[in-house]
2 protein chains.
Amino acid sequence: MTDAPYHHGRLRVTLLAEAEQTLRERGIDALSLRDLARQAGVSHAAPRRHFEDRKALLDALANVGFTRLDREIRAAINSAGDDFPARLQAASTAFVRFAARDAALVDLMFAAKNAGQSPGLSEASERLFATVGDLIAQGQQAGALPPRSPERLRLLLVAVLQGIAVLVASGRAAPAQADALIADAVSLFARGPAAEAR
Amino acid sequence: MTDAPYHHGRLRVTLLAEAEQTLRERGIDALSLRDLARQAGVSHAAPRRHFEDRKALLDALANVGFTRLDREIRAAINSAGDDFPARLQAASTAFVRFAARDAALVDLMFAAKNAGQSPGLSEASERLFATVGDLIAQGQQAGALPPRSPERLRLLLVAVLQGIAVLVASGRAAPAQADALIADAVSLFARGPAAEAR
DNA sequence: ACCTGAACACCGTTCAAGT
DNA sequence: ACCTGAACACCGTTCAAGT
């Protein structure tokens, strides 16, 4: 919050931080480059230097989202001990918590239009996927998962986690239900439904 | 395509059909009320009679999406015979096919901002959820699913299906991978991973 | 290298008026 | 009941010009 004019790299960081907050509090429709510039006390054409267009800002936001989600999931896994189901549950809970807090950001991160798009974005999402892959590998080493096709297991786990997260983010599953959902997903994944009721 | 002026209910249907096509071919950013009006040969203020604002049009689109997805999944289930895994796979495949064809529409349908919103929208999505619930009930009656907590199983299945669909829609899973994903999900769900490799 | 200010085309929304 | 046309405020994007 210095009074000095925005120079160096300050504006980019400032715009991104403002955008994150606006996205969280008022949704993606309220996100305009001109408004962000106004908030930053800068002319409406200034953001252009740091984000080529609106889409570039959105990509950068999704990027930040993937990086932060990856960090939070890693932290959750690392503080969950050695037990595989416990680690899986910790990762799932971190994902759901993230989705509940930043629902609009999750929309952005998994939007279809970001298919094979910007390399920076796919790089960030691939780091998250790699973290899930590591978790799968650990589960297989611990004998908690079948030893075949880690790639397919990884995709399936990502699908389950993302599916639960979106259900929570869109309000179709209440936070209370989310815990039960996670528990079911974990037991399904780590031991199969056979362990649950057969 | 009559030459008569747009009256009666024709304009609403026309606008919706145009919007569906634009959404599919050019994405949600290309969807503007003014442009739709232009395509329909009508003044830019005319759509207002049928859609109060842009959000109302988007809600209607999501509504159409849920209704159509439900219909396609029902059809797939009904033509898949009596075997539960076969029905589950047919439903999953129909979902993925829908997502691959209408990726942007799927984004819209499961967007976070449609939380507890318009009653019409939640009604349409609940019909889809009910179809999944029926499938779960069939699976339990056939003894292919554990007899407890059908509600939780339903939510979990919706999460898995939606997760796979979004992975496909966003290009993070190739159509070829989607089949393997579905097969894994089906075997995980219908028999547990224990049946796969243990 | 970074930002400003004017300009352009486009948009959503509103409203008095037409048929 | 449904549509038109003008109007308003806002937006993304471009570009010559400033520091």
# chains A, B, ... in the order shown; residues from 1 in each chain; ligands from 1
$ residues_around --residues "range 5-12 of chain D" --least-positions-apart "6" --cutoff "8 Å" --atoms "only C-alpha atoms (C1' of nucleotides)" --output "VMD selection string"
(chain A and resid 32 34 53 to 54) or (chain C and resid 11)
$ write_last_selection --atoms "N, CA and C atoms (P, O5', C5', C4', C3', O3' and C1' of nucleotides)" --output "tab-separated table (two decimals), in the first residue's frame"
chain	number	residue	atom	x	y	z
A	32	SER	N	-14.29	-7.37	-14.05
A	32	SER	CA	-13.98	-6.60	-15.26
A	32	SER	C	-12.61	-5.95	-15.14
A	34	ARG	N	-11.63	-3.18	-16.34
A	34	ARG	CA	-11.74	-1.76	-16.04
A	34	ARG	C	-11.95	-1.53	-14.55
A	53	ASP	N	-5.46	-9.83	-22.47
A	53	ASP	CA	-6.90	-9.61	-22.55
A	53	ASP	C	-7.57	-10.25	-21.34
A	54	ARG	N	-8.87	-10.18	-21.32
A	54	ARG	CA	-9.60	-10.71	-20.16
A	54	ARG	C	-9.34	-12.20	-19.97
C	11	DC	P	-22.67	-7.44	-29.72
C	11	DC	O5'	-22.97	-7.21	-28.18
C	11	DC	C5'	-22.06	-7.70	-27.20
C	11	DC	C4'	-22.42	-7.12	-25.85
C	11	DC	C3'	-23.89	-7.28	-25.53
C	11	DC	O3'	-24.07	-8.44	-24.74
C	11	DC	C1'	-23.05	-5.11	-24.91
$ interface_residues --of "chain A" --to "chain C" --cutoff "8 Å" --atoms "only C-alpha atoms (C1' of nucleotides)" --output "VMD selection string"
chain A and resid 7 43 45 to 46 49
$ interface_residues --of "chain B" --to "chain A" --cutoff "9 Å" --atoms "only C-alpha atoms" --output "ChimeraX atom specification"
/B:27,103-104,106-107,110-116,145-148,152-153,155-173,177,180-182,184-185,188-198
$ closest_residue --among "A:Gln39, A:Thr22, A:Ser149, A:Thr131" --to "Phe66 in chain A" --atoms "only C-alpha atoms"
A:Thr131
$ select_by_dssp --residues "range 4-133 of chain A" --states "helix (DSSP H, G or I)" --output "PyMOL selection string"
chain A and resi 10-26+28-30+33-40+46-49+54-78+84-101+103-109+112-114+119-133
$ atom_distance --atom1 "CA of Arg101 in chain B" --atom2 "CA of Arg24 in chain B"
7.6 Å
$ residues_around --residues "range 84-94 of chain B" --least-positions-apart "5" --cutoff "8 Å" --atoms "only C-alpha atoms (C1' of nucleotides)" --output "PDB file with N, CA and C atoms, in the first residue's frame"
ATOM      1  N   GLU B  72     -31.452 -38.726 -22.401  1.00  0.00           N
ATOM      2  CA  GLU B  72     -30.464 -39.583 -23.064  1.00  0.00           C
ATOM      3  C   GLU B  72     -29.980 -40.696 -22.135  1.00  0.00           C
ATOM      4  N   ILE B  73     -29.818 -40.355 -20.855  1.00  0.00           N
ATOM      5  CA  ILE B  73     -29.369 -41.375 -19.908  1.00  0.00           C
ATOM      6  C   ILE B  73     -30.450 -42.434 -19.701  1.00  0.00           C
ATOM      7  N   ARG B  74     -31.688 -41.977 -19.587  1.00  0.00           N
ATOM      8  CA  ARG B  74     -32.813 -42.919 -19.444  1.00  0.00           C
ATOM      9  C   ARG B  74     -32.868 -43.865 -20.635  1.00  0.00           C
ATOM     10  N   ALA B  76     -30.475 -44.697 -22.655  1.00  0.00           N
ATOM     11  CA  ALA B  76     -29.317 -45.608 -22.639  1.00  0.00           C
ATOM     12  C   ALA B  76     -29.539 -46.748 -21.655  1.00  0.00           C
ATOM     13  N   ILE B  77     -30.064 -46.405 -20.481  1.00  0.00           N
ATOM     14  CA  ILE B  77     -30.319 -47.427 -19.460  1.00  0.00           C
ATOM     15  C   ILE B  77     -31.339 -48.449 -19.958  1.00  0.00           C
ATOM     16  N   ASN B  78     -32.408 -47.927 -20.547  1.00  0.00           N
ATOM     17  CA  ASN B  78     -33.501 -48.797 -20.964  1.00  0.00           C
ATOM     18  C   ASN B  78     -33.121 -49.753 -22.091  1.00  0.00           C
ATOM     19  N   LEU B 135     -31.488 -45.883 -10.692  1.00  0.00           N
ATOM     20  CA  LEU B 135     -30.447 -46.830 -11.100  1.00  0.00           C
ATOM     21  C   LEU B 135     -29.810 -47.473  -9.871  1.00  0.00           C
ATOM     22  N   GLN B 138     -32.129 -50.039  -8.397  1.00  0.00           N
ATOM     23  CA  GLN B 138     -32.082 -51.275  -9.177  1.00  0.00           C
ATOM     24  C   GLN B 138     -30.851 -52.105  -8.820  1.00  0.00           C
ATOM     25  N   GLY B 139     -29.728 -51.404  -8.697  1.00  0.00           N
ATOM     26  CA  GLY B 139     -28.484 -52.088  -8.368  1.00  0.00           C
ATOM     27  C   GLY B 139     -28.556 -52.758  -7.005  1.00  0.00           C
ATOM     28  N   ALA B 142     -30.737 -55.806  -7.182  1.00  0.00           N
ATOM     29  CA  ALA B 142     -30.047 -56.904  -7.859  1.00  0.00           C
ATOM     30  C   ALA B 142     -28.899 -57.437  -7.020  1.00  0.00           C
ATOM     31  N   ALA B 144     -26.163 -55.945  -6.480  1.00  0.00           N
ATOM     32  CA  ALA B 144     -24.880 -55.518  -7.021  1.00  0.00           C
ATOM     33  C   ALA B 144     -24.293 -54.352  -6.242  1.00  0.00           C
ATOM     34  N   LEU B 161     -19.789 -39.604 -12.091  1.00  0.00           N
ATOM     35  CA  LEU B 161     -20.203 -39.372 -13.480  1.00  0.00           C
ATOM     36  C   LEU B 161     -19.869 -37.951 -13.915  1.00  0.00           C
ATOM     37  N   ASP B 179     -13.419 -44.313 -22.042  1.00  0.00           N
ATOM     38  CA  ASP B 179     -13.980 -45.661 -21.983  1.00  0.00           C
ATOM     39  C   ASP B 179     -13.338 -46.469 -20.851  1.00  0.00           C
ATOM     40  N   ILE B 182     -14.611 -45.177 -17.552  1.00  0.00           N
ATOM     41  CA  ILE B 182     -15.957 -45.663 -17.264  1.00  0.00           C
ATOM     42  C   ILE B 182     -15.912 -47.115 -16.803  1.00  0.00           C
ATOM     43  N   ALA B 183     -15.122 -47.906 -17.501  1.00  0.00           N
ATOM     44  CA  ALA B 183     -15.013 -49.320 -17.126  1.00  0.00           C
ATOM     45  C   ALA B 183     -14.509 -49.448 -15.696  1.00  0.00           C
ATOM     46  N   VAL B 186     -17.222 -48.309 -13.264  1.00  0.00           N
ATOM     47  CA  VAL B 186     -18.281 -49.306 -13.157  1.00  0.00           C
ATOM     48  C   VAL B 186     -17.847 -50.476 -12.277  1.00  0.00           C
ATOM     49  N   SER B 187     -16.631 -50.958 -12.520  1.00  0.00           N
ATOM     50  CA  SER B 187     -16.182 -52.120 -11.744  1.00  0.00           C
ATOM     51  C   SER B 187     -15.950 -51.719 -10.291  1.00  0.00           C
ATOM     52  N   ALA B 190     -19.667 -51.263  -8.972  1.00  0.00           N
ATOM     53  CA  ALA B 190     -20.548 -52.425  -8.966  1.00  0.00           C
ATOM     54  C   ALA B 190     -19.957 -53.613  -8.210  1.00  0.00           C
TER      55      ALA B 190
END
